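Down below is the structure, laid out as structure tokens.
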Amino acid sequence: MKVGWFGAILIILLGTVIGTLLGQIVGLLLPGGAAHDIFFKGVSIGLKDPLHLDLSVLQVIFGITLSVNPLTLVGLLLAIYLVMRFGSK
């Protein structure tokens with residue numbers, strides 16, 4: 001099965017979302033401590049406060065934050081592997 005670039009991006013995005021959700025579930029099951037914090041909270045990368053652009057007629061607000069835990073990376077790597085293995089035929 002051949003997937004285009006849009007399908008590949010969608011599969012990779014889905015892999016990261018599933019990995020993040022699994023990390024949240026693992027974090028809920030672990031008792032409090034360092035392991036709980038790593039899986040449940042993870043690392044947040046991005047803008048803490050959104051950027052505001054006010055042009056009087058138009059106001060644009062932009063902000064993005066990525067929450068990464070170990071299973072997010074596993075999901076990302078698995079999705080990349082699947083796209084490269086099955087999507088390029």
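Just so we're on the same page: first chain in the structure tokens is A, next is B, and so on; residues restart at 1 for each chain, and ligands are numbered from 1 in the order they show up.
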Every residue of chain A that DSSP places in helix (DSSP H, G or I), as a VMD selection string
chain A and resid 5 to 29 34 to 40 70 to 86
Next, the residues of the selection above should be written as a PDB file, in the first residue's frame with C-alpha atoms.
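To be explicit, this is the file written out as selection.pdb:
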```pdb
ATOM      1  CA  TRP A   5       2.980  12.683   1.865  1.00  0.00           C
ATOM      2  CA  PHE A   6      -0.354  13.672   3.447  1.00  0.00           C
ATOM      3  CA  GLY A   7      -0.994  10.082   4.530  1.00  0.00           C
ATOM      4  CA  ALA A   8       2.526   9.784   5.919  1.00  0.00           C
ATOM      5  CA  ILE A   9       2.114  12.973   7.981  1.00  0.00           C
ATOM      6  CA  LEU A  10      -1.269  11.749   9.205  1.00  0.00           C
ATOM      7  CA  ILE A  11       0.156   8.375  10.266  1.00  0.00           C
ATOM      8  CA  ILE A  12       3.082  10.024  12.069  1.00  0.00           C
ATOM      9  CA  LEU A  13       0.742  12.460  13.823  1.00  0.00           C
ATOM     10  CA  LEU A  14      -1.551   9.607  14.834  1.00  0.00           C
ATOM     11  CA  GLY A  15       1.434   7.646  16.197  1.00  0.00           C
ATOM     12  CA  THR A  16       2.518  10.580  18.366  1.00  0.00           C
ATOM     13  CA  VAL A  17      -1.017  11.136  19.667  1.00  0.00           C
ATOM     14  CA  ILE A  18      -1.452   7.456  20.546  1.00  0.00           C
ATOM     15  CA  GLY A  19       1.972   7.400  22.213  1.00  0.00           C
ATOM     16  CA  THR A  20       1.120  10.493  24.262  1.00  0.00           C
ATOM     17  CA  LEU A  21      -2.198   8.995  25.375  1.00  0.00           C
ATOM     18  CA  LEU A  22      -0.488   5.746  26.381  1.00  0.00           C
ATOM     19  CA  GLY A  23       2.077   7.759  28.337  1.00  0.00           C
ATOM     20  CA  GLN A  24      -0.722   9.571  30.162  1.00  0.00           C
ATOM     21  CA  ILE A  25      -2.366   6.240  31.031  1.00  0.00           C
ATOM     22  CA  VAL A  26       0.929   4.772  32.277  1.00  0.00           C
ATOM     23  CA  GLY A  27       1.494   7.939  34.321  1.00  0.00           C
ATOM     24  CA  LEU A  28      -1.903   7.522  35.978  1.00  0.00           C
ATOM     25  CA  LEU A  29      -1.131   3.918  36.904  1.00  0.00           C
ATOM     26  CA  ALA A  34       9.933  10.695  39.397  1.00  0.00           C
ATOM     27  CA  ALA A  35       8.602   7.996  37.042  1.00  0.00           C
ATOM     28  CA  HIS A  36       5.067   9.330  37.461  1.00  0.00           C
ATOM     29  CA  ASP A  37       6.213  12.846  36.603  1.00  0.00           C
ATOM     30  CA  ILE A  38       8.137  11.712  33.528  1.00  0.00           C
ATOM     31  CA  PHE A  39       5.193   9.789  32.066  1.00  0.00           C
ATOM     32  CA  PHE A  40       2.299  11.951  33.242  1.00  0.00           C
ATOM     33  CA  PRO A  70       8.834   8.680  26.516  1.00  0.00           C
ATOM     34  CA  LEU A  71       5.917   6.857  24.909  1.00  0.00           C
ATOM     35  CA  THR A  72       5.352   9.813  22.568  1.00  0.00           C
ATOM     36  CA  LEU A  73       8.801   9.157  21.153  1.00  0.00           C
ATOM     37  CA  VAL A  74       8.072   5.417  20.902  1.00  0.00           C
ATOM     38  CA  GLY A  75       4.840   6.137  19.014  1.00  0.00           C
ATOM     39  CA  LEU A  76       6.637   8.591  16.727  1.00  0.00           C
ATOM     40  CA  LEU A  77       9.440   6.146  15.918  1.00  0.00           C
ATOM     41  CA  LEU A  78       6.973   3.289  15.362  1.00  0.00           C
ATOM     42  CA  ALA A  79       4.880   5.438  13.012  1.00  0.00           C
ATOM     43  CA  ILE A  80       7.976   6.495  11.045  1.00  0.00           C
ATOM     44  CA  TYR A  81       9.021   2.841  10.772  1.00  0.00           C
ATOM     45  CA  LEU A  82       5.561   1.815   9.531  1.00  0.00           C
ATOM     46  CA  VAL A  83       5.492   4.581   6.936  1.00  0.00           C
ATOM     47  CA  MET A  84       8.960   3.682   5.671  1.00  0.00           C
ATOM     48  CA  ARG A  85       8.305  -0.075   5.728  1.00  0.00           C
ATOM     49  CA  PHE A  86       4.795  -0.255   4.289  1.00  0.00           C
TER      50      PHE A  86
END
```
For His52 in chain A, list every protein, DNA or RNA residue within 8 Å, evaluated using only C-alpha atoms, and leave out those in the same chain fewer than 3 positions away; present the list as a ChimeraX atom specification.
/A:59-62
I need the strand (DSSP E) residues of chain A per DSSP on the backbone, written as a compact mmCIF listing (two decimals) with N, CA and C atoms, in the first residue's frame.
```txt
# COMPACT_ATOMS: atom_id res chain seq x y z
N VAL A 43 7.55 16.52 29.13
CA VAL A 43 8.27 17.76 28.91
C VAL A 43 7.45 18.60 27.94
N SER A 44 7.18 19.85 28.31
CA SER A 44 6.44 20.75 27.43
C SER A 44 7.41 21.63 26.67
N ILE A 45 7.26 21.65 25.36
CA ILE A 45 8.10 22.45 24.48
C ILE A 45 7.19 23.41 23.72
N GLY A 46 7.49 24.68 23.78
CA GLY A 46 6.69 25.63 23.01
C GLY A 46 6.59 26.98 23.70
N LEU A 51 1.32 34.45 21.41
CA LEU A 51 1.70 35.70 20.77
C LEU A 51 0.45 36.42 20.27
N HIS A 52 0.34 37.70 20.56
CA HIS A 52 -0.80 38.50 20.13
C HIS A 52 -0.34 39.50 19.08
N LEU A 53 -1.06 39.55 17.96
CA LEU A 53 -0.82 40.54 16.93
C LEU A 53 -2.11 41.31 16.73
N ASP A 54 -2.13 42.55 17.16
CA ASP A 54 -3.34 43.38 17.09
C ASP A 54 -3.14 44.45 16.03
N GLN A 59 -7.21 40.82 14.77
CA GLN A 59 -6.39 40.37 15.89
C GLN A 59 -6.08 38.89 15.69
N VAL A 60 -4.80 38.56 15.74
CA VAL A 60 -4.35 37.18 15.54
C VAL A 60 -3.64 36.73 16.80
N ILE A 61 -4.00 35.56 17.28
CA ILE A 61 -3.37 34.97 18.46
C ILE A 61 -2.77 33.64 18.03
N PHE A 62 -1.48 33.46 18.31
CA PHE A 62 -0.77 32.26 17.91
C PHE A 62 -0.06 31.66 19.11
N THR A 65 2.19 24.41 21.86
CA THR A 65 2.96 23.71 22.89
C THR A 65 2.90 22.22 22.59
N LEU A 66 4.03 21.57 22.62
CA LEU A 66 4.11 20.13 22.45
C LEU A 66 4.41 19.50 23.79
N SER A 67 3.64 18.49 24.15
CA SER A 67 3.87 17.74 25.38
C SER A 67 4.46 16.39 25.00
N VAL A 68 5.68 16.15 25.42
CA VAL A 68 6.40 14.95 25.00
C VAL A 68 6.73 14.11 26.23
```
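Between CA of Lys41 in chain A and CA of Asn69 in chain A the separation is 7.4 Å.
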